[in-house]
file target21.cif (mmCIF, C-alpha atoms)
data_work
loop_
_atom_site.label_atom_id
_atom_site.label_comp_id
_atom_site.auth_asym_id
_atom_site.auth_seq_id
_atom_site.Cartn_x
_atom_site.Cartn_y
_atom_site.Cartn_z
CA MET A 640 -193.84 175.47 -2.72
CA ALA A 641 -196.23 174.82 -5.56
CA ALA A 642 -195.69 178.17 -7.29
CA HIS A 643 -193.25 181.04 -7.29
CA GLN A 644 -193.89 183.39 -4.42
CA GLN A 645 -194.79 186.77 -5.80
CA PRO A 646 -193.07 189.58 -3.90
CA ASP A 647 -195.12 192.40 -2.51
CA ARG A 648 -195.34 194.84 -5.39
CA PRO A 649 -193.68 198.10 -4.34
CA HIS A 650 -195.18 201.39 -5.45
CA ALA A 651 -193.01 203.90 -7.28
CA THR A 652 -193.32 206.34 -4.38
CA GLU A 653 -192.53 203.80 -1.68
CA SER A 654 -189.51 204.53 0.54
CA ALA A 655 -186.94 201.84 1.25
CA ALA A 656 -186.37 203.36 4.68
CA ALA A 657 -188.11 200.52 6.53
CA PRO A 658 -186.99 197.39 8.38
CA THR A 659 -185.15 195.36 5.76
CA GLY A 660 -183.60 191.94 5.87
CA LEU A 661 -180.04 191.29 4.75
CA TRP A 662 -179.78 187.56 4.12
CA LEU A 663 -176.16 186.47 3.70
CA VAL A 664 -175.29 183.29 1.81
CA GLY A 665 -172.00 182.31 3.41
CA ALA A 666 -173.02 184.07 6.62
CA ARG A 667 -170.25 182.60 8.77
CA GLY A 668 -167.39 183.58 6.46
CA SER A 669 -164.87 186.39 6.71
CA VAL A 670 -166.68 188.95 4.56
CA ALA A 671 -170.07 188.31 6.16
CA THR A 672 -168.68 188.41 9.70
CA THR A 673 -166.79 191.64 9.01
CA ALA A 674 -169.96 193.18 7.55
CA VAL A 675 -172.04 192.11 10.56
CA VAL A 676 -169.51 193.41 13.10
CA GLY A 677 -169.26 196.64 11.14
CA LEU A 678 -173.03 197.04 11.01
CA LEU A 679 -173.36 196.47 14.75
CA ALA A 680 -170.58 198.99 15.42
CA LEU A 681 -172.19 201.56 13.10
CA ARG A 682 -175.52 201.15 14.88
CA ALA A 683 -173.83 201.81 18.22
CA GLY A 684 -171.94 204.83 16.91
CA LEU A 685 -168.62 203.16 17.68
CA VAL A 686 -167.08 203.64 14.23
CA ASP A 687 -167.31 206.03 11.30
CA PRO A 688 -168.79 204.71 8.03
CA ILE A 689 -165.41 204.65 6.27
CA GLY A 690 -165.70 202.80 2.97
CA CYS A 691 -169.51 203.07 2.87
CA VAL A 692 -170.35 204.97 -0.29
CA THR A 693 -174.04 205.20 0.66
CA GLU A 694 -172.92 207.75 3.25
CA ARG A 695 -171.72 210.10 0.49
CA PRO A 696 -173.80 212.30 -1.80
CA PRO A 697 -175.66 211.82 -4.08
CA LEU A 698 -176.44 208.40 -2.56
CA THR A 699 -177.45 210.15 0.67
CA ASP A 700 -180.34 211.68 -1.29
CA ILE A 701 -181.97 208.25 -1.66
CA ASP A 702 -184.37 206.90 0.95
CA LEU A 703 -182.33 203.97 2.25
CA PRO A 704 -182.76 201.60 5.18
CA ALA A 705 -180.90 203.05 8.16
CA TRP A 706 -178.19 200.97 9.81
CA ASP A 707 -180.55 200.08 12.64
CA GLN A 708 -183.21 198.97 10.15
CA LEU A 709 -181.09 196.18 8.65
CA VAL A 710 -181.88 192.77 10.16
CA ILE A 711 -179.32 190.02 9.53
CA GLY A 712 -179.98 186.38 8.73
CA GLY A 713 -178.33 183.86 6.47
CA HIS A 714 -177.29 180.41 5.33
CA ASP A 715 -173.96 178.62 5.66
CA ILE A 716 -172.72 175.06 5.35
CA VAL A 717 -170.29 175.45 8.29
CA ASP A 718 -171.23 175.94 11.92
CA THR A 719 -168.57 178.32 13.28
CA PRO A 720 -170.39 180.85 15.50
CA PRO A 721 -170.07 184.46 14.30
CA ALA A 722 -168.51 185.44 17.65
CA LYS A 723 -165.79 182.82 17.18
CA ARG A 724 -165.14 183.90 13.60
CA ALA A 725 -164.96 187.51 14.78
CA GLU A 726 -162.32 186.53 17.35
CA GLN A 727 -160.30 184.86 14.57
CA LEU A 728 -160.56 187.95 12.39
CA ALA A 729 -159.52 190.19 15.27
CA GLY A 730 -156.49 187.97 15.83
CA ALA A 731 -155.65 188.28 12.12
CA GLY A 732 -155.81 192.08 12.25
CA VAL A 733 -159.04 192.54 10.29
CA LEU A 734 -161.25 193.62 13.20
CA PRO A 735 -160.35 195.88 16.15
CA PRO A 736 -160.27 193.59 19.23
CA ALA A 737 -161.80 196.37 21.34
CA LEU A 738 -165.05 196.12 19.34
CA LEU A 739 -165.75 192.48 20.13
CA GLY A 740 -167.12 193.01 23.63
CA ALA A 741 -169.37 195.82 22.46
CA VAL A 742 -170.97 193.72 19.71
CA SER A 743 -171.12 190.35 21.47
CA ASP A 744 -174.86 190.51 22.20
CA GLY A 745 -175.56 191.50 18.61
CA LEU A 746 -173.48 188.60 17.29
CA ALA A 747 -175.45 186.22 19.49
CA GLU A 748 -178.69 187.58 18.02
CA VAL A 749 -177.35 187.08 14.51
CA GLU A 750 -176.32 183.51 15.34
CA ALA A 751 -179.95 182.75 16.20
CA GLN A 752 -181.00 183.83 12.68
CA LEU A 753 -178.61 181.59 10.75
CA ARG A 754 -179.72 178.37 9.07
CA PRO A 755 -177.89 175.45 7.42
CA GLY A 756 -177.01 176.12 3.80
CA TYR A 757 -176.95 173.85 0.79
CA HIS A 758 -174.08 171.92 -0.78
CA PRO A 759 -174.58 169.28 -3.49
CA ALA A 760 -172.18 166.87 -1.77
CA SER A 761 -174.20 166.73 1.43
CA HIS A 762 -177.73 166.88 0.01
CA ALA A 763 -179.69 163.79 -0.95
CA GLY A 764 -182.63 164.21 -3.31
CA ALA A 765 -183.77 166.73 -5.87
CA GLN A 766 -182.29 170.21 -5.93
CA ARG A 767 -185.82 171.59 -6.04
CA ALA A 768 -186.37 170.28 -2.50
CA ALA A 769 -183.17 172.01 -1.36
CA ALA A 770 -184.33 175.27 -2.96
CA ASP A 771 -187.73 174.90 -1.28
CA ARG A 772 -186.03 174.63 2.10
CA LEU A 773 -183.78 177.65 1.49
CA ALA A 774 -186.71 179.75 0.26
CA ALA A 775 -188.83 178.73 3.26
CA ASP A 776 -186.05 179.82 5.64
CA ILE A 777 -185.99 183.29 4.07
CA THR A 778 -189.77 183.59 3.95
CA GLU A 779 -190.08 182.61 7.61
CA PHE A 780 -187.35 185.12 8.54
CA ARG A 781 -189.16 187.92 6.71
CA ALA A 782 -192.50 187.09 8.36
CA ARG A 783 -191.04 186.63 11.85
CA HIS A 784 -189.40 190.06 11.81
CA GLY A 785 -192.19 191.87 9.94
CA LEU A 786 -189.81 192.93 7.16
CA ARG A 787 -190.98 194.80 4.06
CA ARG A 788 -188.30 193.07 1.97
CA VAL A 789 -185.20 190.89 2.24
CA VAL A 790 -182.12 191.39 0.06
CA VAL A 791 -180.14 188.18 -0.45
CA VAL A 792 -176.37 188.66 -0.90
CA ASN A 793 -174.03 185.84 -1.89
CA VAL A 794 -170.65 186.11 -0.13
CA ALA A 795 -169.90 182.37 -0.08
CA SER A 796 -166.69 180.75 -1.33
CA THR A 797 -165.90 180.89 -5.04
CA GLU A 798 -167.08 177.97 -7.17
CA PRO A 799 -165.67 176.56 -10.42
CA PRO A 800 -167.28 177.85 -13.64
CA LEU A 801 -170.48 176.09 -14.66
CA PRO A 802 -170.66 174.25 -18.01
CA ARG A 803 -173.54 175.57 -20.09
CA LEU A 804 -176.46 173.13 -20.30
CA PRO A 805 -179.61 173.40 -22.43
CA GLU A 806 -181.94 173.89 -19.48
CA HIS A 807 -180.00 176.92 -18.26
CA ALA A 808 -181.68 178.97 -20.98
CA ASP A 809 -185.24 177.81 -20.38
CA LEU A 810 -187.00 178.23 -17.04
CA ALA A 811 -189.47 175.36 -17.53
CA ALA A 812 -186.68 172.97 -18.54
CA LEU A 813 -184.55 174.07 -15.61
CA GLU A 814 -187.33 173.53 -13.09
CA ALA A 815 -188.08 170.10 -14.53
CA ALA A 816 -184.40 169.17 -14.17
CA LEU A 817 -184.28 170.49 -10.62
CA ALA A 818 -187.17 168.18 -9.70
CA ASP A 819 -185.20 165.11 -10.83
CA PRO A 820 -183.55 163.50 -7.77
CA ALA A 821 -181.03 161.75 -10.00
CA ARG A 822 -179.56 165.01 -11.32
CA THR A 823 -177.42 167.82 -9.94
CA VAL A 824 -178.02 170.62 -12.40
CA LEU A 825 -176.96 173.77 -10.57
CA PRO A 826 -174.05 174.71 -8.31
CA ALA A 827 -174.88 175.83 -4.78
CA SER A 828 -174.73 179.54 -5.68
CA ALA A 829 -177.37 179.15 -8.39
CA VAL A 830 -179.62 177.05 -6.15
CA ALA A 831 -179.41 179.85 -3.56
CA ALA A 832 -180.20 182.48 -6.22
CA TYR A 833 -183.17 180.43 -7.42
CA ALA A 834 -184.39 180.11 -3.83
CA ALA A 835 -184.06 183.88 -3.30
CA LEU A 836 -186.20 184.59 -6.36
CA ARG A 837 -188.71 181.94 -5.32
CA ALA A 838 -188.98 183.70 -1.96
CA GLY A 839 -189.62 187.05 -3.69
CA CYS A 840 -186.26 188.58 -2.79
CA PRO A 841 -183.91 190.83 -4.77
CA TYR A 842 -180.48 189.25 -5.12
CA VAL A 843 -176.81 190.32 -5.19
CA ASN A 844 -173.93 188.10 -6.27
CA PHE A 845 -170.77 189.48 -4.64
CA THR A 846 -168.72 186.50 -5.88
CA PRO A 847 -167.57 185.27 -9.31
CA SER A 848 -169.67 182.11 -8.87
CA THR A 849 -172.60 181.42 -11.19
CA GLY A 850 -175.35 182.75 -8.93
CA ILE A 851 -178.09 184.37 -10.99
CA ALA A 852 -176.04 184.61 -14.21
CA LEU A 853 -178.12 182.06 -16.12
CA PRO A 854 -180.78 182.96 -18.73
CA ALA A 855 -183.40 180.85 -16.94
CA LEU A 856 -182.84 182.66 -13.65
CA ALA A 857 -182.76 186.06 -15.32
CA SER A 858 -186.09 185.13 -16.90
CA LEU A 859 -187.49 184.20 -13.50
CA ALA A 860 -186.34 187.51 -11.98
CA GLU A 861 -188.10 189.39 -14.77
CA GLN A 862 -191.21 187.24 -14.38
CA VAL A 863 -191.56 187.96 -10.67
CA GLY A 864 -190.44 191.60 -10.93
CA LEU A 865 -187.22 191.53 -8.94
CA PRO A 866 -183.98 193.52 -9.32
CA TYR A 867 -180.57 191.89 -9.02
CA ALA A 868 -176.92 192.91 -9.17
CA GLY A 869 -173.47 191.37 -9.53
CA SER A 870 -171.01 189.93 -10.00
CA ASP A 871 -167.70 189.63 -8.12
CA GLY A 872 -167.14 192.56 -5.79
CA LYS A 873 -164.44 194.98 -6.95
CA THR A 874 -162.25 195.69 -3.95
CA GLY A 875 -158.52 195.80 -4.74
CA GLU A 876 -156.42 195.02 -7.78
CA THR A 877 -159.31 195.23 -10.25
CA LEU A 878 -160.42 198.52 -8.70
CA LEU A 879 -156.97 199.96 -9.43
CA ARG A 880 -157.01 198.55 -12.96
CA SER A 881 -160.39 200.13 -13.69
CA VAL A 882 -158.92 203.52 -12.73
CA LEU A 883 -155.47 203.18 -14.34
CA ALA A 884 -156.24 201.37 -17.59
CA PRO A 885 -158.40 204.23 -18.98
CA MET A 886 -155.52 206.61 -18.23
CA PHE A 887 -153.30 204.79 -20.72
CA ALA A 888 -156.05 204.78 -23.32
CA GLU A 889 -156.92 208.47 -22.90
CA ARG A 890 -153.26 209.48 -23.17
CA ALA A 891 -152.82 207.33 -26.31
CA LEU A 892 -150.16 205.17 -24.64
CA ARG A 893 -149.95 201.61 -25.96
CA VAL A 894 -150.15 198.95 -23.26
CA ARG A 895 -148.14 195.93 -24.42
CA SER A 896 -148.73 193.64 -21.44
CA TRP A 897 -150.30 193.76 -17.99
CA ALA A 898 -149.18 190.95 -15.73
CA GLY A 899 -150.49 190.35 -12.24
CA THR A 900 -149.88 188.11 -9.26
CA ASN A 901 -152.17 187.75 -6.23
CA LEU A 902 -150.81 186.35 -2.97
CA LEU A 903 -153.32 185.47 -0.28
CA GLY A 904 -153.93 183.10 2.60
CA GLY A 905 -156.93 182.38 4.80
CA GLY A 906 -160.06 180.68 3.51
CA ASP A 907 -159.91 182.42 0.13
CA GLY A 908 -156.33 181.31 -0.39
CA ALA A 909 -157.23 177.69 0.37
CA THR A 910 -160.27 177.80 -1.92
CA LEU A 911 -158.45 179.45 -4.81
CA ALA A 912 -155.53 177.05 -4.53
CA ASP A 913 -157.82 174.68 -6.45
CA PRO A 914 -157.42 175.53 -10.16
CA GLY A 915 -161.10 174.85 -10.82
CA HIS A 916 -162.23 177.36 -8.22
CA ALA A 917 -159.54 179.87 -9.19
CA SER A 918 -160.63 179.85 -12.83
CA SER A 919 -163.88 181.69 -11.98
CA LYS A 920 -161.92 184.50 -10.33
CA LEU A 921 -159.32 184.65 -13.11
CA GLU A 922 -162.00 184.80 -15.81
CA SER A 923 -163.84 187.57 -13.97
CA LYS A 924 -160.69 189.67 -13.66
CA ALA A 925 -159.60 189.02 -17.26
CA ARG A 926 -162.92 190.09 -18.79
CA GLY A 927 -162.67 193.53 -17.18
CA LEU A 928 -159.10 194.16 -18.30
CA ALA A 929 -159.85 192.96 -21.83
CA ALA A 930 -162.79 195.37 -22.02
CA LEU A 931 -160.58 198.24 -20.86
CA LEU A 932 -157.52 197.55 -23.02
CA GLY A 933 -158.57 195.21 -25.80
CA SER A 934 -158.19 191.47 -26.06
CA ASP A 935 -154.85 191.74 -27.90
CA VAL A 936 -153.00 192.84 -24.75
CA ARG A 937 -151.20 189.96 -23.06
CA ALA A 938 -152.41 189.87 -19.46
CA PRO A 939 -151.29 186.78 -17.52
CA LEU A 940 -152.60 186.59 -13.96
CA HIS A 941 -151.68 184.16 -11.20
CA ILE A 942 -153.29 183.50 -7.82
CA ASP A 943 -151.07 181.82 -5.22
CA ASN A 944 -152.08 180.49 -1.82
CA VAL A 945 -149.62 181.66 0.84
CA PRO A 946 -151.06 180.45 4.18
CA ASP A 947 -148.56 182.54 6.16
CA LEU A 948 -150.30 185.72 4.94
CA GLY A 949 -153.53 184.84 6.76
CA GLU A 950 -156.23 187.39 5.91
CA VAL A 951 -153.81 189.77 4.16
CA LYS A 952 -153.94 189.94 0.38
CA THR A 953 -151.11 191.33 -1.75
CA ALA A 954 -151.58 192.10 -5.43
CA TRP A 955 -148.61 192.98 -7.65
CA ASP A 956 -148.98 194.30 -11.19
CA HIS A 957 -146.39 194.97 -13.89
CA VAL A 958 -147.55 197.11 -16.81
CA SER A 959 -145.36 197.36 -19.91
CA PHE A 960 -146.30 200.25 -22.19
CA GLU A 961 -145.02 202.15 -25.16
CA GLY A 962 -144.85 205.91 -25.59
CA PHE A 963 -143.86 208.40 -28.27
CA LEU A 964 -141.27 207.17 -30.79
CA GLY A 965 -141.58 203.67 -29.39
CA ALA A 966 -140.08 204.49 -26.00
CA ARG A 967 -140.56 201.43 -23.76
CA MET A 968 -141.63 202.13 -20.17
CA SER A 969 -143.26 200.30 -17.28
CA LEU A 970 -145.42 200.78 -14.22
CA GLN A 971 -145.23 198.53 -11.19
CA LEU A 972 -147.67 198.72 -8.32
CA THR A 973 -148.37 196.77 -5.15
CA TRP A 974 -151.65 196.71 -3.22
CA THR A 975 -151.72 195.12 0.21
CA GLY A 976 -154.83 195.03 2.33
CA TYR A 977 -157.53 193.07 4.11
CA ASP A 978 -159.98 192.03 1.42
CA SER A 979 -162.76 191.43 3.97
CA ALA A 980 -162.44 194.97 5.30
CA LEU A 981 -162.66 196.34 1.76
CA ALA A 982 -165.60 194.13 0.81
CA ALA A 983 -167.75 194.41 3.95
CA PRO A 984 -168.88 198.05 3.58
CA LEU A 985 -169.75 197.38 -0.07
CA VAL A 986 -171.98 194.49 1.00
CA LEU A 987 -173.85 196.84 3.33
CA ASP A 988 -174.06 199.49 0.61
CA LEU A 989 -175.44 197.03 -1.92
CA ALA A 990 -178.08 195.77 0.50
CA ARG A 991 -179.31 199.34 0.99
CA LEU A 992 -179.19 200.30 -2.69
CA VAL A 993 -180.87 197.14 -3.97
CA ALA A 994 -183.56 197.60 -1.33
CA ALA A 995 -184.12 201.11 -2.73
CA ALA A 996 -184.29 199.74 -6.28
CA HIS A 997 -186.88 197.19 -5.20
CA ALA A 998 -188.92 199.86 -3.39
CA ALA A 999 -188.91 201.91 -6.60
CA GLY A 1000 -190.28 198.97 -8.60
CA GLN A 1001 -187.11 198.35 -10.61
CA ARG A 1002 -186.54 194.87 -12.00
CA GLY A 1003 -183.83 192.95 -13.82
CA PRO A 1004 -180.07 193.62 -13.74
CA LEU A 1005 -179.06 196.89 -12.07
CA GLY A 1006 -176.37 197.99 -14.49
CA ALA A 1007 -175.91 201.29 -12.63
CA LEU A 1008 -174.32 199.29 -9.80
CA ALA A 1009 -171.43 198.22 -12.07
CA PHE A 1010 -169.33 200.54 -9.85
CA PHE A 1011 -169.21 197.72 -7.28
CA PHE A 1012 -168.27 194.77 -9.52
CA LYS A 1013 -165.47 193.26 -11.58
CA ASP A 1014 -167.86 191.59 -14.01
CA PRO A 1015 -171.04 193.68 -13.85
CA LEU A 1016 -174.41 192.34 -14.87
CA GLY A 1017 -176.47 194.66 -17.04
CA SER A 1018 -173.50 196.80 -18.06
CA THR A 1019 -170.45 196.55 -20.31
CA GLU A 1020 -168.84 199.63 -18.76
CA HIS A 1021 -165.61 198.93 -16.84
CA ARG A 1022 -164.07 202.43 -16.66
CA PHE A 1023 -164.33 203.50 -13.04
CA ALA A 1024 -164.98 207.20 -13.71
CA GLU A 1025 -167.84 206.32 -16.05
CA GLN A 1026 -169.23 203.88 -13.50
CA VAL A 1027 -169.16 206.64 -10.87
CA ARG A 1028 -171.14 208.91 -13.19
CA ALA A 1029 -173.67 206.19 -13.98
CA LEU A 1030 -174.19 205.44 -10.29
CA ALA A 1031 -174.64 209.14 -9.50
CA ALA A 1032 -177.17 209.57 -12.32
CA TRP A 1033 -179.13 206.54 -11.11
CA ALA A 1034 -179.07 207.86 -7.55
CA CYS A 1035 -180.32 211.28 -8.63
CA GLU A 1036 -183.15 209.67 -10.58
CA LEU A 1037 -184.06 207.43 -7.68
CA GLY A 1038 -183.86 210.38 -5.28
CA GLY A 1039 -186.19 212.44 -7.44
CA ARG A 1040 -183.58 214.80 -8.93
CA ARG A 1041 -182.62 215.14 -12.59
#

call {"tool": "encode", "arguments": {"input": "target21.cif", "output": "structure tokens"}}
result
Amino acid sequence: MAAHQQPDRPHATESAAAPTGLWLVGARGSVATTAVVGLLALRAGLVDPIGCVTERPPLTDIDLPAWDQLVIGGHDIVDTPPAKRAEQLAGAGVLPPALLGAVSDGLAEVEAQLRPGYHPASHAGAQRAAADRLAADITEFRARHGLRRVVVVNVASTEPPLPRLPEHADLAALEAALADPARTVLPASAVAAYAALRAGCPYVNFTPSTGIALPALASLAEQVGLPYAGSDGKTGETLLRSVLAPMFAERALRVRSWAGTNLLGGGDGATLADPGHASSKLESKARGLAALLGSDVRAPLHIDNVPDLGEVKTAWDHVSFEGFLGARMSLQLTWTGYDSALAAPLVLDLARLVAAAHAAGQRGPLGALAFFFKDPLGSTEHRFAEQVRALAAWACELGGRR
């Protein structure tokens, strides 16, 4: 494409309750498959919307795309059919096996909407050409289905942190570098984010990978008038920390250390067994705890791959704290759950909410959606209760109430 595609400019009074695309980057993975199966089951009335906060007030006061108005497409670098991945997840206990037959036709329809993704190791040529292809896939999907908008959500595997380069701050320099076939400037997540913006699509980074978190890409989002949200979905251990850490602060109890260990298997366990990939996740978690407690609190965190656990994730925390007269005490807690089942409804919620933000003409980072993220863009607030209030205030404003 010779120029950035300008999105259709929404009017302030426009409703988001219209056919809307949900384009999943990492569409064949566990989180994406769980979200798709859940969406199909919700459409059919086979399950209750447990875990979907857009089904609770005041978010119900916003004009949102209905479940049957979300159309799924996506990119992935693997070729496992969604139906096969769903069978694997059912075998691992994430999905109810009884649902698979009821959603099989829907999974086949989704399979027809998926396109090959981008990975630097398998792409020859300039990254700009790869971004052009990804953007064209999304644009064609939107036109083919007559969609008012498409929300792109990154749920792909975690990447290592990106070293800061000069062109990351300047859009013109970045685009010149992307056109150089001899250079690999951006990780796959950032190429996908760039492609989403080029296609005129709001963007959500549900992972700790780079995604849109570069000054040049933020500048592009502002230039083309698109909202975005992220990063790193808050589903388990960090969710508990964002609730419990303020308790210690408000009760004037001194936290001396907060140690954590995550045990997980499956695809995430294999990915995070690589220290480079794990560092993105560890940094994301650490920033939130430091903001809640202060950087002087010792907070070691380990992530261990335990293949035997499959899709189950166990998080163990040990909190050492000091009370009146120096009394030393501790809190230990264990959280065990299916991360994909916790993440999937949030992915659906975010698609609906970001669609509403786009319909309302909002642009830039959606700090009010910090509620959903470990490392929120556009907000420095990590206290869960405050994030709940900010989300409710945003929803009331968007829904026309003050």

call {"tool": "closest_residue", "arguments": {"input": "target21.cif", "among": "A:Pro800, A:Gly730, A:Pro820, A:Gly684", "to": "Arg767 of chain A", "atoms": "all atoms listed in the file"}}
result
A:Pro820

call {"tool": "closest_residue", "arguments": {"input": "target21.cif", "among": "A:Ala774, A:Ala827, A:Gly933, A:Ala731", "to": "Pro799 of chain A", "atoms": "all atoms listed in the file"}}
result
A:Ala827

call {"tool": "closest_residue", "arguments": {"input": "target21.cif", "among": "A:Asp715, A:Glu961, A:Glu726, A:Glu750", "to": "Asn793 of chain A", "atoms": "only C-alpha atoms"}}
result
A:Asp715

call {"tool": "residues_around", "arguments": {"input": "target21.cif", "residues": "segment 686-692 of chain A", "least_positions_apart": "5", "cutoff": "6 Å", "atoms": "all atoms listed in the file", "output": "JSON, numbers by chain"}}
result
{"A": [680, 681, 984]}

call {"tool": "write_last_selection", "arguments": {"input": "target21.cif", "atoms": "C-alpha atoms", "output": "mmCIF file, in the coordinates of the input"}}
result
data_model
loop_
_atom_site.group_PDB
_atom_site.id
_atom_site.type_symbol
_atom_site.label_atom_id
_atom_site.label_comp_id
_atom_site.auth_asym_id
_atom_site.auth_seq_id
_atom_site.Cartn_x
_atom_site.Cartn_y
_atom_site.Cartn_z
ATOM 1 C CA ALA A 680 -170.580 198.990 15.420
ATOM 2 C CA LEU A 681 -172.190 201.560 13.100
ATOM 3 C CA PRO A 984 -168.880 198.050 3.580
#

call {"tool": "residues_around", "arguments": {"input": "target21.cif", "residues": "Asp707 of chain A", "least_positions_apart": "2", "cutoff": "9 Å", "atoms": "all atoms listed in the file", "output": "list of chain:residue names"}}
result
A:Pro658, A:Leu678, A:Leu679, A:Leu681, A:Arg682, A:Ala683, A:Pro704, A:Ala705, A:Leu709, A:Val710

call {"tool": "closest_residue", "arguments": {"input": "target21.cif", "among": "A:Thr877, A:Asn944, A:Thr778, A:Thr719", "to": "Ala838 of chain A", "atoms": "all atoms listed in the file"}}
result
A:Thr778

call {"tool": "resolve_selection", "arguments": {"input": "target21.cif", "expression": "the PyMOL selection byres ((chain A and resi 792) around 6)", "output": "NGL selection string"}}
result
:A and (663 or 791 or 793 or 842-844)

call {"tool": "resolve_selection", "arguments": {"input": "target21.cif", "expression": "the PyMOL selection byres ((chain A and resi 865-870) around 6)", "output": "ChimeraX atom specification"}}
result
/A:841-847,860,863-864,871,1001-1005,1012,1014-1016

call {"tool": "closest_residue", "arguments": {"input": "target21.cif", "among": "A:Ala995, A:Leu739, A:Ala768, A:Ala831", "to": "Ser654 of chain A", "atoms": "all atoms listed in the file"}}
result
A:Ala995

call {"tool": "closest_residue", "arguments": {"input": "target21.cif", "among": "A:Ile851, A:Val733, A:Ala1024, A:Leu1030", "to": "Gly976 of chain A", "atoms": "all atoms listed in the file"}}
result
A:Val733

call {"tool": "residues_around", "arguments": {"input": "target21.cif", "residues": "Gly965 of chain A", "least_positions_apart": "5", "cutoff": "10 Å", "atoms": "only C-alpha atoms", "output": "list in words"}}
result
Leu892, Arg893 and Phe960 of chain A

call {"tool": "resolve_selection", "arguments": {"input": "target21.cif", "expression": "the PyMOL selection byres ((chain A and resi 1007) around 7)", "output": "number ranges by chain"}}
result
A: 1005-1006, 1008-1009, 1029-1030, 1033

call {"tool": "residues_near_point", "arguments": {"input": "target21.cif", "point": "(-173.6, 205.1, -3.3)", "cutoff": "12 Å", "atoms": "all atoms listed in the file", "output": "ChimeraX atom specification"}}
result
/A:690-703,984-993,995,1007-1011,1026-1035,1037-1038

call {"tool": "atom_distance", "arguments": {"input": "target21.cif", "atom1": "atom CA of Tyr977 of chain A", "atom2": "atom CA of Pro885 of chain A"}}
result
25.7 Å

call {"tool": "residues_around", "arguments": {"input": "target21.cif", "residues": "His941 of chain A", "least_positions_apart": "2", "cutoff": "7 Å", "atoms": "only C-alpha atoms", "output": "short mmCIF file (atom, residue, chain, number, x, y, z; two decimals) with C-alpha atoms, in the frame of the given file"}}
result
data_model
loop_
_atom_site.label_atom_id
_atom_site.label_comp_id
_atom_site.auth_asym_id
_atom_site.auth_seq_id
_atom_site.Cartn_x
_atom_site.Cartn_y
_atom_site.Cartn_z
CA GLY A 899 -150.49 190.35 -12.24
CA THR A 900 -149.88 188.11 -9.26
CA ASN A 901 -152.17 187.75 -6.23
CA PRO A 939 -151.29 186.78 -17.52
CA ASP A 943 -151.07 181.82 -5.22
#

call {"tool": "atom_distance", "arguments": {"input": "target21.cif", "atom1": "atom CA of Val742 of chain A", "atom2": "atom CA of Gly756 of chain A"}}
result
24.5 Å

call {"tool": "atom_distance", "arguments": {"input": "target21.cif", "atom1": "atom CA of Ala954 of chain A", "atom2": "atom CA of Asp935 of chain A"}}
result
22.7 Å

call {"tool": "closest_atom_pairs", "arguments": {"input": "target21.cif", "of": "segment 838-945 of chain A", "to": "segment 823-826 of chain A", "cutoff": "9 Å", "atoms": "all atoms listed in the file", "output": "JSON lines"}}
result
{"residue": "A:Ser848", "atom": "CA", "partner": "A:Pro826", "partner_atom": "CA", "distance": 8.6}
{"residue": "A:Thr849", "atom": "CA", "partner": "A:Pro826", "partner_atom": "CA", "distance": 7.4}
{"residue": "A:Gly850", "atom": "CA", "partner": "A:Pro826", "partner_atom": "CA", "distance": 8.2}

call {"tool": "build_atoms", "arguments": {"input": "target21.cif", "residues": "segment 934-943 of chain A", "atoms": "N, CA and C atoms", "output": "PDB file, in the coordinates of the input"}}
result
ATOM      1  N   SER A 934    -158.571 192.863 -26.288  1.00  0.00           N
ATOM      2  CA  SER A 934    -158.190 191.470 -26.060  1.00  0.00           C
ATOM      3  C   SER A 934    -156.805 191.134 -26.576  1.00  0.00           C
ATOM      4  N   ASP A 935    -156.165 192.048 -27.355  1.00  0.00           N
ATOM      5  CA  ASP A 935    -154.850 191.740 -27.900  1.00  0.00           C
ATOM      6  C   ASP A 935    -153.720 192.019 -26.932  1.00  0.00           C
ATOM      7  N   VAL A 936    -154.026 192.564 -25.762  1.00  0.00           N
ATOM      8  CA  VAL A 936    -153.000 192.840 -24.750  1.00  0.00           C
ATOM      9  C   VAL A 936    -152.759 191.573 -23.935  1.00  0.00           C
ATOM     10  N   ARG A 937    -151.522 191.149 -23.858  1.00  0.00           N
ATOM     11  CA  ARG A 937    -151.200 189.960 -23.060  1.00  0.00           C
ATOM     12  C   ARG A 937    -151.321 190.320 -21.589  1.00  0.00           C
ATOM     13  N   ALA A 938    -152.123 189.536 -20.857  1.00  0.00           N
ATOM     14  CA  ALA A 938    -152.410 189.870 -19.460  1.00  0.00           C
ATOM     15  C   ALA A 938    -152.439 188.623 -18.591  1.00  0.00           C
ATOM     16  N   PRO A 939    -151.295 187.962 -18.390  1.00  0.00           N
ATOM     17  CA  PRO A 939    -151.290 186.780 -17.520  1.00  0.00           C
ATOM     18  C   PRO A 939    -151.539 187.173 -16.062  1.00  0.00           C
ATOM     19  N   LEU A 940    -152.280 186.338 -15.369  1.00  0.00           N
ATOM     20  CA  LEU A 940    -152.600 186.590 -13.960  1.00  0.00           C
ATOM     21  C   LEU A 940    -152.495 185.283 -13.189  1.00  0.00           C
ATOM     22  N   HIS A 941    -151.853 185.341 -12.034  1.00  0.00           N
ATOM     23  CA  HIS A 941    -151.680 184.160 -11.200  1.00  0.00           C
ATOM     24  C   HIS A 941    -152.237 184.439  -9.813  1.00  0.00           C
ATOM     25  N   ILE A 942    -152.830 183.428  -9.207  1.00  0.00           N
ATOM     26  CA  ILE A 942    -153.290 183.500  -7.820  1.00  0.00           C
ATOM     27  C   ILE A 942    -152.569 182.408  -7.043  1.00  0.00           C
ATOM     28  N   ASP A 943    -151.847 182.782  -6.003  1.00  0.00           N
ATOM     29  CA  ASP A 943    -151.070 181.820  -5.220  1.00  0.00           C
ATOM     30  C   ASP A 943    -151.525 181.834  -3.770  1.00  0.00           C
TER      31      ASP A 943
END
